[in-house]
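Structure, as structure tokens:
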Amino acid sequence: MLRLLAGATTARTGDEMSGPALLLLGYAQTGSAATAAALLAGITASAALGGPVLGALLDRAARPGRLLAVSLVLHVAGLTVVLLTLGRVPFPLTLLTALAAGTPAPALAGGWTSRLSTVVPEHRLHRAHALDAMTYSAASLLGPALAGLLGRLLGAPTAVVAAAVLILLAVPATRGLPHSQAPAEPVTVRAVARDLRQGFACLVRSMPLARATVTSTLSCLGQGTFVACVPLLGARVLGTPGDGALLLSCTAVAALGAGAVLGRLRRPPSPDTVLWAAPLLLALALAAATAAGGPALLVAAALLAGVAEGPQLTALFAVRHREAPERLRAQVFTTGASVKITAFALGAALAGPLASRSLTAALVMAAAVQLLAAAAHAVVGRAFVRRSGPATRRCGPGPGRV
């Protein structure tokens with residue numbers, strides 16, 4: 001477990017570095033903020049395609065660790081090609097490379113998490129979920145800070161190289177993942193397509209999974225909206241746009257602390273309860289940020305957001321592990337990660353133009369989306385009850401059926 005979590009932390013820190021580093025690289029090489037944003041959007045959006053396919057392949061792989069390692073190497077290769085071609089070839093070609101590089105990106109998130117149950121006994125999964133969620137918080141704290149520091153001291157290309165090196169350093173940790181105990185199955189287009197249908201059906205037909213997916217996706221949309229507002233919040237309350245990045249660090253620190261506390265509880269709250277309560281806390285945090293006239297309230301709002309985000313991620317992992325059949329578990333995790341990544345990018349894209357006109361309106365929209373996420377948790381549950389009576393706890397009766 002420790003080897004897996006160490007590899008996940010290293011890979012995710014590199015991933016969190018790569019986004020800001022690519023932004024810095026795009027702006028430094030072209031002088032265009034629009035080009036830099038397009039580069040980041042390209043490497044983010046393609047994760048929506050790669051996640052489900054990668055998950056289906058991981059579920060079928062006799063050696064999932066090897067496939068995970070290949071995915072990391074391919075992601076690094078894509079980042080390297082973007083670095084070498086930006087400004088030297090027509091930008092559309094570089095953008096296509098960024099799209100390709102982002103396809104295996106869900107391996108950095110859901111790919112690692114989906115393997116936890118293969119290395120951790122059932123009675124220790126709760127603690128493992130909390131520790132795994134903490135690796136996301138640690139990466140989100142360290143990655144942007146390292147990218148900014150290296151970009152300022154050594155230049156944007158060095159920051160991109162450092163991100164790629166960190167992801168590569170995680171490759172040896174994949175060797176510790178156990179081989180699949182199921183008999184190897186041929187990997188054909190038809191078989192993978194069938195697995196994709198089963199995976200999506202699992203997300204739709206299982207009430208707990210559908211509810212968790214809808215709630216966390218809407219909440220992630222609101223989080224992306226808030227992140228787009230951070231520079232303007234920093235300028236309005238803290239003095240400069242760059243100071244807004246400190247708010248994200250406060251959120252990450254609070255998420256780490258909340259995850260550590262949750263991991264030590266003997267009787268933790270139900271994951272389903274946490275999933276609807278966390279968006280309410282996030283809405284409260286965003287309301288406080290909207291009303292903040294000074295640094296104290298704004299920092300308190302950022303800390304409250306972290307207290308909600310840490311347990312929310314832990315609860316989401318717990319529901320996925322509990323509800324997804326082992327045969328489809330990797331696909332459920334990577335598909336869920338893809339959907340959340342896309343929602344985050346969409347939230348940031350929508351909030352950018354709105355925040356430039358009215359920061360208050362953008363923050364209110366972010367808070368409203370969080371309230372919508374909490375409401376969706378109840379609505380999805382009631383819809384399932386009306387449609388089919390009491391919801392079943394699993395996608396199907398067997399590990400490979402839906």
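In the structure tokens, chains take the letters A, B, ... in the order shown, each chain's residues start at 1, and ligands count up from 1 in the order shown.
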Proximity check segment 330-374 of chain A to segment 42-57 of chain A, 12 Å, nearest pairs one decimal Å, only C-alpha atoms, as a tab-separated table:
```
residue	atom	partner	partner_atom	distance
A:Ala330	CA	A:Gly55	CA	4.7
A:Gln331	CA	A:Gly55	CA	3.5
A:Val332	CA	A:Gly55	CA	7.0
A:Phe333	CA	A:Gly55	CA	7.2
A:Thr334	CA	A:Gly51	CA	4.7
A:Thr335	CA	A:Pro52	CA	4.6
A:Gly336	CA	A:Gly51	CA	7.9
A:Ala337	CA	A:Gly51	CA	7.1
A:Ser338	CA	A:Ala48	CA	4.5
A:Val339	CA	A:Ala48	CA	6.0
A:Lys340	CA	A:Ala48	CA	8.7
A:Ile341	CA	A:Thr44	CA	7.0
A:Thr342	CA	A:Ala45	CA	5.9
A:Ala343	CA	A:Ala45	CA	9.4
A:Phe344	CA	A:Thr44	CA	9.4
A:Ala345	CA	A:Thr44	CA	7.2
A:Leu346	CA	A:Ala45	CA	9.1
A:Ala348	CA	A:Thr44	CA	11.8
A:Ala349	CA	A:Ala45	CA	11.6
```
Let's have the selection written as an mmCIF file, in the first residue's frame, with C-alpha atoms.
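Resulting contents of selection_26.cif:
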```cif
data_model
loop_
_atom_site.group_PDB
_atom_site.id
_atom_site.type_symbol
_atom_site.label_atom_id
_atom_site.label_comp_id
_atom_site.auth_asym_id
_atom_site.auth_seq_id
_atom_site.Cartn_x
_atom_site.Cartn_y
_atom_site.Cartn_z
ATOM 1 C CA ALA A 330 -10.946 0.219 -12.909
ATOM 2 C CA GLN A 331 -13.337 1.426 -15.596
ATOM 3 C CA VAL A 332 -15.678 2.952 -13.013
ATOM 4 C CA PHE A 333 -12.776 4.826 -11.422
ATOM 5 C CA THR A 334 -11.173 6.093 -14.616
ATOM 6 C CA THR A 335 -14.516 7.022 -16.201
ATOM 7 C CA GLY A 336 -15.480 8.904 -13.055
ATOM 8 C CA ALA A 337 -12.128 10.699 -13.066
ATOM 9 C CA SER A 338 -12.591 11.656 -16.724
ATOM 10 C CA VAL A 339 -16.048 13.090 -16.115
ATOM 11 C CA LYS A 340 -14.821 15.111 -13.138
ATOM 12 C CA ILE A 341 -11.800 16.468 -15.017
ATOM 13 C CA THR A 342 -14.060 17.571 -17.858
ATOM 14 C CA ALA A 343 -16.529 19.194 -15.451
ATOM 15 C CA PHE A 344 -13.728 21.081 -13.727
ATOM 16 C CA ALA A 345 -12.426 22.394 -17.053
ATOM 17 C CA LEU A 346 -15.950 23.389 -18.108
ATOM 18 C CA ALA A 348 -13.295 27.193 -15.257
ATOM 19 C CA ALA A 349 -14.088 28.006 -18.893
#
```
Near-Ala159 of chain A list (6 Å; only C-alpha atoms; drop same-chain fewer than 2 positions) as a PyMOL selection string: chain A and resi 21+147+150-151+156-157+161-162
For N, CA, C and O atoms, I'd like the residues from the last selection saved as a CSV table (one decimal), in the first residue's frame.
```csv
chain,number,residue,atom,x,y,z
A,21,ALA,N,2.6,24.5,-15.6
A,21,ALA,CA,3.9,24.6,-16.4
A,21,ALA,C,3.5,24.8,-17.9
A,21,ALA,O,4.2,25.6,-18.6
A,147,ALA,N,5.8,24.3,-9.9
A,147,ALA,CA,5.8,24.8,-11.3
A,147,ALA,C,6.1,26.3,-11.3
A,147,ALA,O,6.8,26.8,-12.1
A,150,LEU,N,9.9,26.9,-10.2
A,150,LEU,CA,10.9,26.6,-11.3
A,150,LEU,C,10.7,27.5,-12.5
A,150,LEU,O,11.7,27.8,-13.1
A,151,GLY,N,9.4,27.8,-12.8
A,151,GLY,CA,9.2,28.7,-13.9
A,151,GLY,C,9.8,30.1,-13.7
A,151,GLY,O,10.4,30.6,-14.6
A,156,ALA,N,10.0,28.3,-17.9
A,156,ALA,CA,8.8,27.4,-18.1
A,156,ALA,C,9.2,26.0,-18.7
A,156,ALA,O,8.7,25.0,-18.2
A,157,PRO,N,10.2,26.0,-19.7
A,157,PRO,CA,10.5,24.6,-20.1
A,157,PRO,C,11.1,23.7,-19.0
A,157,PRO,O,10.8,22.5,-19.0
A,161,VAL,N,9.7,20.0,-17.9
A,161,VAL,CA,10.6,18.8,-17.7
A,161,VAL,C,10.5,18.2,-16.3
A,161,VAL,O,10.5,17.0,-16.2
A,162,ALA,N,10.5,19.1,-15.3
A,162,ALA,CA,10.4,18.6,-13.9
A,162,ALA,C,9.1,17.8,-13.7
A,162,ALA,O,9.1,16.7,-13.0
```
Nearest to Asp132 of chain A among A:Pro231, A:Gly381, A:Pro325, A:Gly7, with distances taken over only C-alpha atoms: which residue is it?
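Closest candidate: A:Gly7.
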From the list A:Arg63, A:His123, A:Arg329, A:His129, the nearest residue to Leu316 of chain A using only C-alpha atoms is A:His129
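Pairwise distance (atom CA of Pro144 of chain A, atom CA of Ala38 of chain A) equals 18.4 Å.
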Which residue is closest to Ala69 of chain A? Choose from A:Ala355, A:Ala41, A:Leu169, A:Leu99 and count only C-alpha atoms.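 Checking each candidate against Ala69 of chain A, we get A:Leu169 as the closest.
The gap separating atom CA of Ala212 of chain A from atom CA of Ala288 of chain A is 25.9 Å, in Å to one decimal.
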Excluding segment 364-375 of chain A and any residue of its chain fewer than 6 positions from it, enumerate the residues within 10 Å of it, using only C-alpha atoms, and give them as a compact mmCIF listing (two decimals) with all heavy atoms, in the first residue's frame.
```txt
# COMPACT_ATOMS: atom_id res chain seq x y z
N ARG A 211 -25.73 8.31 -8.15
CA ARG A 211 -25.88 9.44 -7.26
C ARG A 211 -24.52 10.07 -6.92
O ARG A 211 -24.36 11.29 -6.93
CB ARG A 211 -26.59 8.98 -5.98
CG ARG A 211 -27.02 10.07 -5.04
CD ARG A 211 -27.94 9.53 -3.98
NE ARG A 211 -27.29 8.49 -3.17
CZ ARG A 211 -27.90 7.82 -2.20
NH1 ARG A 211 -29.18 8.06 -1.96
NH2 ARG A 211 -27.26 6.92 -1.51
N ALA A 212 -23.53 9.21 -6.64
CA ALA A 212 -22.21 9.72 -6.32
C ALA A 212 -21.57 10.42 -7.52
O ALA A 212 -20.90 11.45 -7.38
CB ALA A 212 -21.31 8.58 -5.84
N VAL A 214 -23.11 11.90 -10.20
CA VAL A 214 -23.77 13.16 -10.51
C VAL A 214 -23.40 14.22 -9.48
O VAL A 214 -23.05 15.36 -9.82
CB VAL A 214 -25.30 12.97 -10.56
CG1 VAL A 214 -26.01 14.32 -10.66
CG2 VAL A 214 -25.68 12.09 -11.74
N THR A 215 -23.43 13.85 -8.20
CA THR A 215 -23.14 14.82 -7.14
C THR A 215 -21.71 15.32 -7.21
O THR A 215 -21.45 16.53 -7.15
CB THR A 215 -23.39 14.17 -5.76
OG1 THR A 215 -24.73 13.68 -5.69
CG2 THR A 215 -23.17 15.18 -4.65
N SER A 216 -20.75 14.40 -7.35
CA SER A 216 -19.34 14.81 -7.37
C SER A 216 -18.99 15.57 -8.64
O SER A 216 -18.15 16.48 -8.62
CB SER A 216 -18.43 13.58 -7.23
OG SER A 216 -18.63 12.67 -8.31
N THR A 217 -19.64 15.24 -9.76
CA THR A 217 -19.36 15.95 -11.01
C THR A 217 -19.85 17.39 -10.94
O THR A 217 -19.14 18.33 -11.33
CB THR A 217 -20.01 15.22 -12.20
OG1 THR A 217 -19.47 13.90 -12.30
CG2 THR A 217 -19.75 15.96 -13.50
N LEU A 218 -21.07 17.59 -10.44
CA LEU A 218 -21.58 18.95 -10.29
C LEU A 218 -20.73 19.74 -9.30
O LEU A 218 -20.43 20.93 -9.51
CB LEU A 218 -23.03 18.91 -9.82
CG LEU A 218 -24.07 18.53 -10.88
CD1 LEU A 218 -25.44 18.34 -10.24
CD2 LEU A 218 -24.14 19.58 -11.98
N SER A 219 -20.31 19.09 -8.22
CA SER A 219 -19.47 19.77 -7.25
C SER A 219 -18.13 20.16 -7.86
O SER A 219 -17.61 21.24 -7.60
CB SER A 219 -19.25 18.86 -6.03
OG SER A 219 -18.52 19.53 -5.02
N CYS A 220 -17.57 19.29 -8.71
CA CYS A 220 -16.31 19.59 -9.37
C CYS A 220 -16.48 20.75 -10.36
O CYS A 220 -15.57 21.56 -10.55
CB CYS A 220 -15.79 18.35 -10.09
SG CYS A 220 -14.01 18.33 -10.30
N LEU A 221 -17.64 20.84 -10.99
CA LEU A 221 -17.94 21.97 -11.86
C LEU A 221 -17.87 23.27 -11.06
O LEU A 221 -17.28 24.28 -11.51
CB LEU A 221 -19.33 21.79 -12.47
CG LEU A 221 -19.85 22.88 -13.40
CD1 LEU A 221 -19.10 22.86 -14.73
CD2 LEU A 221 -21.35 22.70 -13.65
N GLY A 222 -18.44 23.26 -9.86
CA GLY A 222 -18.38 24.45 -9.01
C GLY A 222 -16.97 24.76 -8.54
O GLY A 222 -16.58 25.93 -8.43
N GLN A 223 -16.18 23.72 -8.28
CA GLN A 223 -14.80 23.94 -7.86
C GLN A 223 -13.98 24.57 -8.98
O GLN A 223 -13.13 25.44 -8.75
CB GLN A 223 -14.18 22.62 -7.42
CG GLN A 223 -14.75 22.08 -6.12
CD GLN A 223 -14.38 20.63 -5.87
OE1 GLN A 223 -13.38 20.13 -6.39
NE2 GLN A 223 -15.19 19.93 -5.09
N GLY A 224 -14.22 24.14 -10.22
CA GLY A 224 -13.52 24.76 -11.35
C GLY A 224 -13.89 26.22 -11.50
O GLY A 224 -13.05 27.06 -11.83
N THR A 225 -15.16 26.54 -11.23
CA THR A 225 -15.60 27.93 -11.28
C THR A 225 -14.87 28.77 -10.24
O THR A 225 -14.43 29.89 -10.52
CB THR A 225 -17.12 28.01 -11.03
OG1 THR A 225 -17.79 27.18 -11.99
CG2 THR A 225 -17.63 29.43 -11.16
N PHE A 226 -14.71 28.21 -9.03
CA PHE A 226 -14.01 28.95 -7.98
C PHE A 226 -12.55 29.18 -8.33
O PHE A 226 -12.00 30.27 -8.12
CB PHE A 226 -14.12 28.17 -6.66
CG PHE A 226 -13.25 28.72 -5.57
CD1 PHE A 226 -13.52 29.95 -5.00
CD2 PHE A 226 -12.14 28.01 -5.12
CE1 PHE A 226 -12.72 30.47 -3.99
CE2 PHE A 226 -11.33 28.51 -4.12
CZ PHE A 226 -11.62 29.75 -3.56
N VAL A 227 -11.88 28.15 -8.87
CA VAL A 227 -10.47 28.29 -9.21
C VAL A 227 -10.26 29.41 -10.24
O VAL A 227 -9.29 30.16 -10.17
CB VAL A 227 -9.90 26.96 -9.73
CG1 VAL A 227 -8.52 27.14 -10.33
CG2 VAL A 227 -9.84 25.95 -8.59
N CYS A 229 -11.84 32.05 -10.37
CA CYS A 229 -12.02 33.34 -9.68
C CYS A 229 -10.86 33.69 -8.76
O CYS A 229 -10.78 34.82 -8.25
CB CYS A 229 -13.30 33.31 -8.84
SG CYS A 229 -14.82 33.10 -9.78
N LEU A 275 -21.19 12.73 0.96
CA LEU A 275 -21.31 13.19 -0.43
C LEU A 275 -22.35 14.30 -0.58
O LEU A 275 -22.19 15.17 -1.45
CB LEU A 275 -21.65 12.02 -1.35
CG LEU A 275 -20.47 11.14 -1.75
CD1 LEU A 275 -20.93 9.94 -2.54
CD2 LEU A 275 -19.45 11.93 -2.56
N TRP A 276 -23.43 14.29 0.21
CA TRP A 276 -24.39 15.39 0.08
C TRP A 276 -24.07 16.54 1.04
O TRP A 276 -24.44 17.70 0.78
CB TRP A 276 -25.83 14.91 0.29
CG TRP A 276 -26.21 14.44 1.66
CD1 TRP A 276 -26.35 13.15 2.08
CD2 TRP A 276 -26.54 15.26 2.80
NE1 TRP A 276 -26.72 13.10 3.40
CE2 TRP A 276 -26.86 14.38 3.86
CE3 TRP A 276 -26.60 16.63 3.02
CZ2 TRP A 276 -27.21 14.83 5.13
CZ3 TRP A 276 -26.96 17.09 4.29
CH2 TRP A 276 -27.26 16.20 5.33
N ALA A 277 -23.36 16.25 2.13
CA ALA A 277 -23.03 17.32 3.08
C ALA A 277 -21.87 18.18 2.58
O ALA A 277 -21.85 19.40 2.83
CB ALA A 277 -22.68 16.72 4.44
N ALA A 278 -20.91 17.59 1.88
CA ALA A 278 -19.74 18.35 1.43
C ALA A 278 -20.10 19.51 0.51
O ALA A 278 -19.58 20.62 0.68
CB ALA A 278 -18.73 17.41 0.76
N PRO A 279 -20.98 19.33 -0.49
CA PRO A 279 -21.35 20.48 -1.32
C PRO A 279 -22.00 21.62 -0.53
O PRO A 279 -21.83 22.80 -0.87
CB PRO A 279 -22.32 19.89 -2.35
CG PRO A 279 -21.97 18.45 -2.42
CD PRO A 279 -21.56 18.09 -1.04
N LEU A 280 -22.73 21.28 0.54
CA LEU A 280 -23.33 22.33 1.37
C LEU A 280 -22.24 23.15 2.06
O LEU A 280 -22.33 24.39 2.14
CB LEU A 280 -24.28 21.72 2.39
CG LEU A 280 -25.53 21.03 1.84
CD1 LEU A 280 -26.35 20.44 2.97
CD2 LEU A 280 -26.36 22.01 1.02
N LEU A 281 -21.21 22.47 2.56
CA LEU A 281 -20.09 23.19 3.17
C LEU A 281 -19.35 24.04 2.14
O LEU A 281 -18.93 25.16 2.42
CB LEU A 281 -19.11 22.19 3.81
CG LEU A 281 -19.46 21.65 5.20
CD1 LEU A 281 -18.36 20.70 5.68
CD2 LEU A 281 -19.64 22.79 6.19
N LEU A 282 -19.20 23.50 0.92
CA LEU A 282 -18.54 24.25 -0.14
C LEU A 282 -19.35 25.48 -0.53
O LEU A 282 -18.79 26.56 -0.79
CB LEU A 282 -18.32 23.35 -1.36
CG LEU A 282 -17.20 22.32 -1.22
CD1 LEU A 282 -17.27 21.28 -2.33
CD2 LEU A 282 -15.83 23.02 -1.25
N ALA A 283 -20.67 25.35 -0.56
CA ALA A 283 -21.53 26.51 -0.84
C ALA A 283 -21.37 27.57 0.24
O ALA A 283 -21.31 28.78 -0.06
CB ALA A 283 -22.99 26.07 -0.96
N LEU A 284 -21.28 27.14 1.50
CA LEU A 284 -21.08 28.08 2.60
C LEU A 284 -19.72 28.78 2.47
O LEU A 284 -19.61 29.99 2.69
CB LEU A 284 -21.17 27.34 3.93
CG LEU A 284 -20.99 28.18 5.21
CD1 LEU A 284 -22.06 29.25 5.29
CD2 LEU A 284 -21.03 27.28 6.44
N ALA A 285 -18.69 28.01 2.10
CA ALA A 285 -17.37 28.59 1.92
C ALA A 285 -17.36 29.63 0.80
O ALA A 285 -16.75 30.70 0.92
CB ALA A 285 -16.35 27.49 1.61
N LEU A 286 -18.05 29.33 -0.29
CA LEU A 286 -18.11 30.27 -1.42
C LEU A 286 -18.91 31.52 -1.05
O LEU A 286 -18.57 32.63 -1.48
CB LEU A 286 -18.73 29.58 -2.62
CG LEU A 286 -17.83 28.53 -3.29
CD1 LEU A 286 -18.64 27.62 -4.20
CD2 LEU A 286 -16.72 29.21 -4.08
N ALA A 287 -19.96 31.36 -0.25
CA ALA A 287 -20.70 32.52 0.21
C ALA A 287 -19.83 33.41 1.08
O ALA A 287 -19.87 34.65 0.97
CB ALA A 287 -21.95 32.08 0.99
N ALA A 288 -19.00 32.80 1.94
CA ALA A 288 -18.08 33.58 2.77
C ALA A 288 -17.04 34.29 1.91
O ALA A 288 -16.68 35.45 2.17
CB ALA A 288 -17.40 32.66 3.78
N ALA A 289 -16.54 33.61 0.87
CA ALA A 289 -15.57 34.25 -0.03
C ALA A 289 -16.20 35.44 -0.75
O ALA A 289 -15.54 36.47 -0.98
CB ALA A 289 -15.04 33.23 -1.03
N THR A 290 -17.47 35.31 -1.13
CA THR A 290 -18.17 36.40 -1.82
C THR A 290 -18.29 37.62 -0.92
O THR A 290 -18.13 38.76 -1.37
CB THR A 290 -19.57 35.94 -2.25
OG1 THR A 290 -19.46 34.75 -3.03
CG2 THR A 290 -20.27 37.01 -3.07
N GLY A 347 -16.24 24.23 -15.84
CA GLY A 347 -16.52 25.26 -14.85
C GLY A 347 -15.57 26.43 -14.94
O GLY A 347 -15.98 27.60 -14.87
N ALA A 351 -16.60 30.26 -16.07
CA ALA A 351 -16.44 31.32 -15.07
C ALA A 351 -15.51 32.42 -15.53
O ALA A 351 -15.65 33.57 -15.08
CB ALA A 351 -15.90 30.73 -13.77
N LEU A 354 -17.32 35.40 -17.17
CA LEU A 354 -18.25 35.98 -16.20
C LEU A 354 -17.50 36.72 -15.10
O LEU A 354 -17.89 37.83 -14.70
CB LEU A 354 -19.13 34.88 -15.61
CG LEU A 354 -20.17 35.33 -14.57
CD1 LEU A 354 -21.13 36.35 -15.17
CD2 LEU A 354 -20.92 34.13 -14.02
```
Name all residues at most 9 Å from segment 84-90 of chain A (count only C-alpha atoms; drop same-chain ones fewer than 5 positions away) and give them as a ChimeraX atom specification. /A:25-26,29-30,79,95
Task: Minimum-distance residue to Leu232 of chain A, chosen among A:Pro353, A:Pro20, A:Gly102, A:Gly31 (using only C-alpha atoms) - done: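 Of A:Pro353, A:Pro20, A:Gly102, A:Gly31, the one nearest Leu232 of chain A, counting only C-alpha atoms, is A:Pro353.
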